[in-house]
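Novice: Sharing my_file.tsv below, TSV, C-alpha atoms (C1' of nucleotides):
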```tsv
chain	number	residue	atom	x	y	z
A	1	MET	CA	-10.97	124.80	115.58
A	2	ALA	CA	-11.58	123.35	112.13
A	3	ARG	CA	-15.22	123.52	113.18
A	4	ASP	CA	-14.87	127.20	113.93
A	5	ARG	CA	-13.28	127.94	110.62
A	6	SER	CA	-15.96	126.12	108.71
A	7	GLU	CA	-18.51	128.24	110.53
A	8	LEU	CA	-16.57	131.37	109.73
A	9	ALA	CA	-16.40	130.29	106.11
A	10	ARG	CA	-20.14	129.76	105.94
A	11	ASP	CA	-20.80	133.12	107.54
A	12	LEU	CA	-18.50	134.89	105.14
A	13	LEU	CA	-20.06	133.20	102.13
A	14	ARG	CA	-23.58	133.97	103.24
A	15	GLY	CA	-22.58	137.57	103.96
A	16	ALA	CA	-21.23	137.82	100.45
A	17	ARG	CA	-24.34	136.19	98.97
A	18	LEU	CA	-22.31	133.27	97.68
A	19	ARG	CA	-23.78	129.79	97.80
A	20	CYS	CA	-22.33	127.54	100.48
A	21	THR	CA	-21.01	124.63	98.49
A	22	SER	CA	-18.78	122.08	100.11
A	23	GLN	CA	-15.88	123.19	97.94
A	24	ARG	CA	-16.22	126.82	98.91
A	25	VAL	CA	-16.47	126.10	102.60
A	26	GLN	CA	-13.51	123.79	102.37
A	27	VAL	CA	-11.36	126.34	100.54
A	28	LEU	CA	-12.36	129.32	102.62
A	29	ALA	CA	-11.93	127.47	105.90
A	30	CYS	CA	-8.47	126.48	104.82
A	31	LEU	CA	-7.48	129.94	103.60
A	32	SER	CA	-8.72	131.65	106.74
A	33	GLY	CA	-6.17	129.62	108.63
A	34	MET	CA	-3.24	130.64	106.44
A	35	THR	CA	-0.90	133.31	107.67
A	36	GLY	CA	0.60	135.80	105.29
A	37	HIS	CA	0.08	135.77	101.56
A	38	PHE	CA	-0.22	132.83	99.23
A	39	GLY	CA	-0.55	132.03	95.55
A	40	ALA	CA	-3.23	130.01	93.84
A	41	GLU	CA	-1.13	126.87	93.60
A	42	GLU	CA	-0.18	127.03	97.26
A	43	ALA	CA	-3.80	127.46	98.18
A	44	LEU	CA	-4.78	124.51	96.03
A	45	ALA	CA	-2.10	122.33	97.57
A	46	ALA	CA	-3.10	123.34	101.09
A	47	VAL	CA	-6.77	122.70	100.43
A	48	ASN	CA	-6.21	119.32	98.84
A	49	MET	CA	-3.85	118.18	101.51
A	50	LEU	CA	-6.87	117.55	103.69
A	51	PRO	CA	-8.48	114.12	103.49
A	52	ARG	CA	-11.39	115.34	101.41
A	53	PRO	CA	-12.44	115.08	97.80
A	54	PRO	CA	-10.10	117.46	95.99
A	55	VAL	CA	-11.16	120.84	94.70
A	56	SER	CA	-10.40	121.44	91.05
A	57	ARG	CA	-8.07	124.11	89.82
A	58	ALA	CA	-10.82	125.87	87.88
A	59	THR	CA	-13.07	126.09	90.90
A	60	LEU	CA	-10.30	127.41	93.05
A	61	TYR	CA	-9.42	130.14	90.57
A	62	ARG	CA	-13.05	131.10	90.16
A	63	LEU	CA	-13.48	131.25	93.90
A	64	LEU	CA	-10.37	133.34	94.46
A	65	ASN	CA	-11.76	135.90	92.04
A	66	ASP	CA	-15.15	135.93	93.71
A	67	LEU	CA	-13.67	136.23	97.18
A	68	GLU	CA	-11.52	139.11	96.11
A	69	GLN	CA	-14.43	140.94	94.58
A	70	GLN	CA	-16.33	140.51	97.81
A	71	GLY	CA	-13.47	141.92	99.82
A	72	ILE	CA	-12.88	138.66	101.68
A	73	LEU	CA	-9.52	138.18	100.05
A	74	ARG	CA	-7.15	140.88	99.02
A	75	ARG	CA	-5.07	140.52	95.90
A	76	VAL	CA	-1.50	141.58	96.53
A	77	LEU	CA	0.59	142.64	93.57
A	78	LEU	CA	3.86	141.26	94.80
A	79	SER	CA	5.19	139.70	91.63
A	80	GLU	CA	4.18	140.00	88.03
A	81	ASN	CA	3.90	136.37	87.05
A	82	CYS	CA	1.51	135.10	89.64
A	83	SER	CA	-1.24	136.58	91.78
A	84	ARG	CA	-0.94	136.41	95.51
A	85	TYR	CA	-3.68	136.83	98.06
A	86	GLU	CA	-4.20	137.57	101.71
A	87	PHE	CA	-7.10	136.73	103.90
A	88	VAL	CA	-8.57	140.05	105.03
A	89	GLY	CA	-8.71	140.09	108.78
A	90	PRO	CA	-10.28	142.77	110.96
A	91	GLN	CA	-7.47	145.24	111.60
A	92	ASP	CA	-4.45	144.02	109.78
A	93	ARG	CA	-3.45	147.15	107.93
A	94	HIS	CA	0.04	146.65	106.70
A	95	CYS	CA	2.18	147.26	103.67
A	96	HIS	CA	4.76	145.19	101.87
A	97	LEU	CA	8.30	146.02	101.06
A	98	VAL	CA	9.28	143.99	98.04
A	99	CYS	CA	12.75	143.55	96.62
A	100	ALA	CA	12.60	144.02	92.89
A	101	SER	CA	15.54	141.67	92.41
A	102	CYS	CA	15.11	138.69	94.67
A	103	GLY	CA	11.42	139.00	95.53
A	104	ARG	CA	11.98	139.09	99.28
A	105	VAL	CA	8.90	140.48	101.00
A	106	GLU	CA	8.70	142.23	104.34
A	107	GLU	CA	5.40	142.95	106.04
A	108	VAL	CA	5.37	146.33	107.72
A	109	ARG	CA	2.90	148.19	109.87
A	110	SER	CA	3.05	151.97	109.83
A	111	THR	CA	0.44	154.38	111.10
A	112	VAL	CA	2.16	157.22	109.27
A	113	LEU	CA	1.68	155.40	106.00
A	114	ASP	CA	-1.91	154.55	106.82
A	115	GLN	CA	-2.80	158.12	107.68
A	116	GLU	CA	-1.15	159.55	104.64
A	117	LEU	CA	-2.83	157.02	102.39
A	118	ARG	CA	-6.15	157.85	103.92
A	119	HIS	CA	-5.50	161.50	103.12
A	120	LEU	CA	-4.45	160.79	99.58
A	121	GLY	CA	-7.39	158.47	99.09
A	122	GLU	CA	-9.82	161.17	100.11
A	123	LYS	CA	-8.12	163.72	97.93
A	124	TYR	CA	-8.11	161.59	94.80
A	125	GLY	CA	-11.37	159.77	95.20
A	126	PHE	CA	-10.33	156.39	96.48
A	127	SER	CA	-11.62	154.42	99.44
A	128	PRO	CA	-8.62	152.81	101.07
A	129	ASP	CA	-10.92	151.47	103.71
A	130	ARG	CA	-11.77	148.42	101.77
A	131	ALA	CA	-9.07	146.07	100.59
A	132	SER	CA	-6.39	148.63	101.04
A	133	LEU	CA	-2.77	147.74	100.91
A	134	GLU	CA	0.48	149.30	100.07
A	135	VAL	CA	3.35	147.83	98.17
A	136	THR	CA	6.74	149.32	97.85
A	137	VAL	CA	9.17	147.91	95.41
A	138	ALA	CA	12.80	148.58	96.06
A	139	SER	CA	16.03	146.65	96.17
A	140	CYS	CA	17.03	145.00	99.36
A	141	ASN	CA	20.49	145.73	100.62
A	142	GLU	CA	21.72	142.28	99.79
A	143	CYS	CA	20.80	142.69	96.14
A	144	GLU	CA	22.25	146.18	96.09
A	145	ARG	CA	25.56	144.83	97.32
A	146	GLN	CA	25.49	142.13	94.70
A	147	ARG	CA	24.77	144.70	92.04
A	148	ALA	CA	27.59	146.93	93.21
A	149	ARG	CA	29.91	143.94	93.18
A	150	GLU	CA	29.01	143.09	89.61
A	151	LEU	CA	29.52	146.64	88.45
A	152	THR	CA	32.92	146.72	90.08
A	153	ASN	CA	33.98	143.45	88.55
A	154	GLY	CA	32.93	144.72	85.17
A	155	ASP	CA	35.56	147.46	85.29
B	1	MET	CA	14.69	166.46	69.62
B	2	ALA	CA	14.66	162.94	68.24
B	3	ARG	CA	18.38	163.53	67.92
B	4	ASP	CA	18.59	164.41	71.59
B	5	ARG	CA	16.72	161.33	72.63
B	6	SER	CA	18.89	159.07	70.54
B	7	GLU	CA	21.90	160.59	72.24
B	8	LEU	CA	20.31	160.10	75.61
B	9	ALA	CA	19.56	156.51	74.68
B	10	ARG	CA	23.15	155.86	73.68
B	11	ASP	CA	24.43	157.44	76.87
B	12	LEU	CA	22.13	155.35	79.00
B	13	LEU	CA	23.09	152.16	77.18
B	14	ARG	CA	26.78	152.84	77.50
B	15	GLY	CA	26.33	153.75	81.15
B	16	ALA	CA	24.63	150.40	81.69
B	17	ARG	CA	27.30	148.53	79.71
B	18	LEU	CA	24.79	147.45	77.10
B	19	ARG	CA	25.81	147.37	73.46
B	20	CYS	CA	24.42	150.16	71.34
B	21	THR	CA	22.49	148.32	68.67
B	22	SER	CA	20.12	150.17	66.38
B	23	GLN	CA	17.15	148.39	67.92
B	24	ARG	CA	18.08	149.34	71.45
B	25	VAL	CA	18.69	152.97	70.60
B	26	GLN	CA	15.42	153.08	68.71
B	27	VAL	CA	13.44	151.55	71.56
B	28	LEU	CA	15.05	153.53	74.32
B	29	ALA	CA	14.77	156.82	72.45
B	30	CYS	CA	11.11	156.15	71.94
B	31	LEU	CA	10.45	155.10	75.54
B	32	SER	CA	12.28	158.09	76.98
B	33	GLY	CA	9.71	160.25	75.24
B	34	MET	CA	6.72	158.45	76.70
B	35	THR	CA	4.90	159.99	79.60
B	36	GLY	CA	3.43	157.83	82.33
B	37	HIS	CA	3.50	154.07	82.35
B	38	PHE	CA	3.15	151.66	79.46
B	39	GLY	CA	2.93	147.97	78.73
B	40	ALA	CA	5.11	145.90	76.43
B	41	GLU	CA	2.60	145.90	73.58
B	42	GLU	CA	2.12	149.64	73.77
B	43	ALA	CA	5.85	150.13	73.71
B	44	LEU	CA	6.18	147.84	70.72
B	45	ALA	CA	3.45	149.67	68.85
B	46	ALA	CA	4.97	153.05	69.63
B	47	VAL	CA	8.42	151.94	68.55
B	48	ASN	CA	7.25	150.38	65.32
B	49	MET	CA	5.08	153.32	64.40
B	50	LEU	CA	8.24	155.10	63.37
B	51	PRO	CA	9.38	154.65	59.76
B	52	ARG	CA	12.16	152.26	60.65
B	53	PRO	CA	12.72	148.55	60.35
B	54	PRO	CA	10.50	147.07	63.05
B	55	VAL	CA	11.84	145.70	66.31
B	56	SER	CA	10.72	142.18	67.10
B	57	ARG	CA	8.63	141.28	70.09
B	58	ALA	CA	11.34	139.05	71.53
B	59	THR	CA	13.95	141.77	71.36
B	60	LEU	CA	11.64	144.27	72.98
B	61	TYR	CA	10.85	141.95	75.86
B	62	ARG	CA	14.49	141.11	76.35
B	63	LEU	CA	15.37	144.76	76.34
B	64	LEU	CA	12.66	145.71	78.80
B	65	ASN	CA	14.08	143.18	81.23
B	66	ASP	CA	17.60	144.43	80.76
B	67	LEU	CA	16.60	148.05	81.15
B	68	GLU	CA	14.73	147.29	84.30
B	69	GLN	CA	17.66	145.43	85.79
B	70	GLN	CA	19.85	148.41	85.04
B	71	GLY	CA	17.46	150.76	86.75
B	72	ILE	CA	16.66	152.66	83.54
B	73	LEU	CA	13.11	151.43	83.55
B	74	ARG	CA	11.01	150.72	86.56
B	75	ARG	CA	8.54	147.88	86.55
B	76	VAL	CA	5.26	148.95	88.05
B	77	LEU	CA	2.98	146.28	89.44
B	78	LEU	CA	-0.29	147.91	88.50
B	79	SER	CA	-2.18	144.91	87.23
B	80	GLU	CA	-1.54	141.22	87.55
B	81	ASN	CA	-1.89	140.18	83.95
B	82	CYS	CA	0.63	142.40	82.28
B	83	SER	CA	3.77	144.21	83.30
B	84	ARG	CA	3.89	147.96	83.03
B	85	TYR	CA	6.95	150.16	83.00
B	86	GLU	CA	7.97	153.73	83.58
B	87	PHE	CA	10.99	155.54	82.30
B	88	VAL	CA	13.01	156.51	85.37
B	89	GLY	CA	13.62	160.23	85.29
B	90	PRO	CA	15.82	162.21	87.66
B	91	GLN	CA	13.49	163.17	90.50
B	92	ASP	CA	10.11	161.75	89.76
B	93	ARG	CA	9.32	160.10	93.03
B	94	HIS	CA	5.67	159.30	93.01
B	95	CYS	CA	3.27	156.57	93.97
B	96	HIS	CA	0.24	155.10	92.31
B	97	LEU	CA	-3.24	154.75	93.61
B	98	VAL	CA	-4.86	151.87	91.81
B	99	CYS	CA	-8.49	150.91	91.86
B	100	ALA	CA	-8.78	147.18	92.44
B	101	SER	CA	-12.04	147.06	90.51
B	102	CYS	CA	-11.70	149.20	87.42
B	103	GLY	CA	-7.94	149.57	87.23
B	104	ARG	CA	-8.00	153.35	87.27
B	105	VAL	CA	-4.56	154.69	88.18
B	106	GLU	CA	-3.72	158.02	89.78
B	107	GLU	CA	-0.16	159.27	90.03
B	108	VAL	CA	0.50	160.98	93.32
B	109	ARG	CA	3.44	162.83	94.78
B	110	SER	CA	3.79	162.85	98.54
B	111	THR	CA	6.82	163.81	100.56
B	112	VAL	CA	5.28	162.28	103.66
B	113	LEU	CA	5.07	158.94	101.92
B	114	ASP	CA	8.59	159.26	100.58
B	115	GLN	CA	10.06	160.06	103.96
B	116	GLU	CA	8.22	157.28	105.70
B	117	LEU	CA	9.25	154.79	103.06
B	118	ARG	CA	12.83	155.91	103.39
B	119	HIS	CA	12.58	155.26	107.12
B	120	LEU	CA	11.01	151.87	106.67
B	121	GLY	CA	13.53	150.98	104.02
B	122	GLU	CA	16.41	151.72	106.34
B	123	LYS	CA	14.81	149.83	109.16
B	124	TYR	CA	14.12	146.68	107.15
B	125	GLY	CA	17.15	146.63	104.90
B	126	PHE	CA	15.83	147.96	101.65
B	127	SER	CA	17.21	150.69	99.42
B	128	PRO	CA	14.26	152.68	98.19
B	129	ASP	CA	16.69	154.99	96.47
B	130	ARG	CA	16.90	152.91	93.39
B	131	ALA	CA	13.82	152.05	91.40
B	132	SER	CA	11.57	152.84	94.27
B	133	LEU	CA	7.88	153.19	93.86
B	134	GLU	CA	4.77	152.76	95.86
B	135	VAL	CA	1.51	151.25	94.85
B	136	THR	CA	-1.67	151.40	96.77
B	137	VAL	CA	-4.59	149.29	95.77
B	138	ALA	CA	-7.97	150.42	96.88
B	139	SER	CA	-11.38	150.93	95.39
B	140	CYS	CA	-12.17	154.22	93.76
B	141	ASN	CA	-15.33	155.92	94.88
B	142	GLU	CA	-17.10	155.20	91.65
B	143	CYS	CA	-16.59	151.46	92.07
B	144	GLU	CA	-17.58	151.67	95.74
B	145	ARG	CA	-20.87	153.28	94.76
B	146	GLN	CA	-21.48	150.61	92.16
B	147	ARG	CA	-20.78	147.94	94.72
B	148	ALA	CA	-23.12	149.51	97.23
B	149	ARG	CA	-25.79	149.72	94.55
B	150	GLU	CA	-25.45	146.04	93.73
B	151	LEU	CA	-25.66	145.03	97.36
B	152	THR	CA	-28.79	147.09	97.82
B	153	ASN	CA	-30.42	145.63	94.75
B	154	GLY	CA	-29.64	142.18	95.98
B	155	ASP	CA	-31.85	142.67	99.01
C	1	DA	C1'	37.58	137.45	65.90
C	2	DT	C1'	34.45	136.74	69.38
C	3	DA	C1'	31.12	137.50	72.29
C	4	DT	C1'	26.50	139.47	72.03
C	5	DG	C1'	22.16	140.71	70.09
C	6	DT	C1'	18.23	139.71	66.85
C	7	DG	C1'	14.30	137.42	64.70
C	8	DC	C1'	11.43	133.70	64.05
C	9	DA	C1'	8.54	130.32	65.66
C	10	DA	C1'	7.65	127.14	69.11
C	11	DA	C1'	7.27	126.43	74.04
C	12	DT	C1'	5.82	127.94	78.70
C	13	DG	C1'	2.86	128.66	82.48
C	14	DG	C1'	-0.52	130.93	85.11
C	15	DT	C1'	-5.24	131.77	84.42
C	16	DT	C1'	-9.75	131.50	82.01
C	17	DT	C1'	-13.52	129.30	79.58
C	18	DG	C1'	-17.05	126.04	77.08
C	19	DC	C1'	-19.83	122.58	78.14
C	20	DA	C1'	-22.06	118.63	80.27
C	21	DT	C1'	-23.28	117.42	84.83
C	22	DC	C1'	-24.30	118.26	89.73
C	23	DC	C1'	-26.00	120.69	93.71
C	24	DT	C1'	-28.07	124.70	96.57
C	25	DC	C1'	-31.67	127.32	97.51
D	1	DG	C1'	-37.30	122.88	89.54
D	2	DA	C1'	-34.10	126.41	88.04
D	3	DG	C1'	-30.16	128.88	88.13
D	4	DG	C1'	-25.76	128.88	89.85
D	5	DA	C1'	-21.48	125.81	90.73
D	6	DT	C1'	-18.12	122.17	89.44
D	7	DG	C1'	-14.76	119.50	86.76
D	8	DC	C1'	-12.44	118.44	82.81
D	9	DA	C1'	-9.84	119.64	78.99
D	10	DA	C1'	-9.00	122.92	75.69
D	11	DA	C1'	-8.13	127.78	74.92
D	12	DC	C1'	-5.75	132.14	76.12
D	13	DC	C1'	-2.25	135.34	76.19
D	14	DA	C1'	1.70	137.69	77.94
D	15	DT	C1'	6.22	136.38	78.16
D	16	DT	C1'	10.32	133.38	77.39
D	17	DT	C1'	13.43	130.47	74.84
D	18	DG	C1'	16.20	127.57	71.22
D	19	DC	C1'	18.54	128.21	67.35
D	20	DA	C1'	20.55	130.07	63.08
D	21	DC	C1'	22.10	134.39	61.52
D	22	DA	C1'	23.74	139.18	62.01
D	23	DT	C1'	26.42	142.85	64.44
D	24	DA	C1'	29.08	145.63	67.88
D	25	DT	C1'	33.36	146.14	69.95
```
So that I can check it, write out the structure of this file as structure tokens.

Specialist:
Amino acid sequence: MARDRSELARDLLRGARLRCTSQRVQVLACLSGMTGHFGAEEALAAVNMLPRPPVSRATLYRLLNDLEQQGILRRVLLSENCSRYEFVGPQDRHCHLVCASCGRVEEVRSTVLDQELRHLGEKYGFSPDRASLEVTVASCNECERQRARELTNGD
Amino acid sequence: MARDRSELARDLLRGARLRCTSQRVQVLACLSGMTGHFGAEEALAAVNMLPRPPVSRATLYRLLNDLEQQGILRRVLLSENCSRYEFVGPQDRHCHLVCASCGRVEEVRSTVLDQELRHLGEKYGFSPDRASLEVTVASCNECERQRARELTNGD
DNA sequence: ATATGTGCAAATGGTTTGCATCCTC
DNA sequence: GAGGATGCAAACCATTTGCACATAT
């Protein structure tokens, strides 16, 4: 299994014309096993949890950028103070509902959204085929209630 | 006109239970006249272009946060290194198509998207009514072409 | 009168970068 | 062997914060 992921990592790197260094294989193998989105620090922690020589912060950041540019990772704009990423799998088109107040994130699959975005992409000159994702920022009901409560108390 | 916007600013502040200081009125009046989205530095520059005692960076940042929490401004996650905002008008539901490579942003209005997001919001416990927005990150055609060109050259 | 807002300058924190060294191709 | 990759520590830069002073209600 770890074997498989290392192989996958090597394939991905070669496909992206990136040199297969031990650090890159190690990071990519680890990330390909992560579910959902993650930040740079989480990734670093996960990678260096393994009994291997640790990967430095600088290398990790550089690699995250490279992988995103190659379409292997997708950068998700979920919060404004730290970048989050997703491993790009074959068919995992989904969008995120994000609460603007508490940061809660819900992953959602919707063919309606996908189709419409495809339309809009064509119309405005975008290719949502690669690294496409959709983020919706709103308030979750819990935070809305809280907000309503505060407003009421203020009276 | 500037008069009108100052009045609007005062109304908004009072409605949000925020004290009407000269700085706040000045900032909000200025922002309410801006079209499209803007970053903190742009806002600061615009505000302090007026022949008035300048508003400090700290105050501006504090105010942007307050205004967003009150739903007067909307924070738009268009790039990961700096926050951007929009003045929230009455009926301006729109989404943004963002190119992951060059940062190009296209504002798009789509009732299909709005309806679907309303559905999804209900289903997953979000209120897209307040401060809702949608962001789609993709690659614009120009950047796709460039990418294809680079890959070809690499061979 | 009192709670709040403002400005300054220093602190923060995620991310990037310069440079000497190491490793892949 | 040569050009790209790594690690360290310092640099960056948008944003936040502590504190003394000013202001709105």

Novice: Is it possible to get the residues within 6 Å of (12.7, 127.7, 71.4) (coordinates as in the file, counting only C-alpha atoms (C1' of nucleotides)) written as a short mmCIF file (atom, residue, chain, number, x, y, z; two decimals) with C-alpha atoms (C1' of nucleotides), in the coordinates of the input?

Specialist:
```cif
data_model
loop_
_atom_site.label_atom_id
_atom_site.label_comp_id
_atom_site.auth_asym_id
_atom_site.auth_seq_id
_atom_site.Cartn_x
_atom_site.Cartn_y
_atom_site.Cartn_z
"C1'" DA C 10 7.65 127.14 69.11
"C1'" DT D 17 13.43 130.47 74.84
"C1'" DG D 18 16.20 127.57 71.22
#
```

Novice: Pick from A:Glu122, A:Glu106, A:Glu80, A:Glu116: nearest to DT15 (chain D), with all atoms listed in the file counted?

Specialist: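 That would be A:Glu80, the residue with the smallest distance to DT15 (chain D).
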
Novice: Identify, on the basis of only C-alpha atoms (C1' of nucleotides), every residue whose closest approach to DC19 (chain D) does not exceed 12 Å; exclude the query and any residue fewer than 3 positions from it along the same chain; express the result as a list of chain:residue names.

Specialist: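 Everything that qualifies: C:DT6, C:DG7, C:DC8, C:DA9, C:DA10.
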
Novice: Which residue is closest to DT25 (chain D)? Choose from B:Asn141, B:Thr21, B:Ser110, B:Ser32 and count only C-alpha atoms (C1' of nucleotides).

Specialist: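 For DT25 (chain D), the nearest of the candidates is B:Thr21.
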
Novice: Taking all atoms listed in the file into account, report as a list in words which residues of chain D lie within 8 Å of chain B.

Specialist: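 For chain D, the answer reads DA14, DT15, DT23 and DA24 of chain D.
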
Novice: Hey, list the chain C side of the contact with chain A: 8 Å cut-off, only C-alpha atoms (C1' of nucleotides), answer as a list in words.

Specialist: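 Using only C-alpha atoms (C1' of nucleotides), chain C residues at most 8 Å from chain A: DG14, DT15, DC23 and DT24 of chain C.
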
Novice: For the atom pair CA of Gly33 (chain A) and CA of Ala45 (chain A), what is the interatomic distance in Å to one decimal place?

Specialist: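 Separating CA of Gly33 (chain A) from CA of Ala45 (chain A) is a distance of 13.9 Å.
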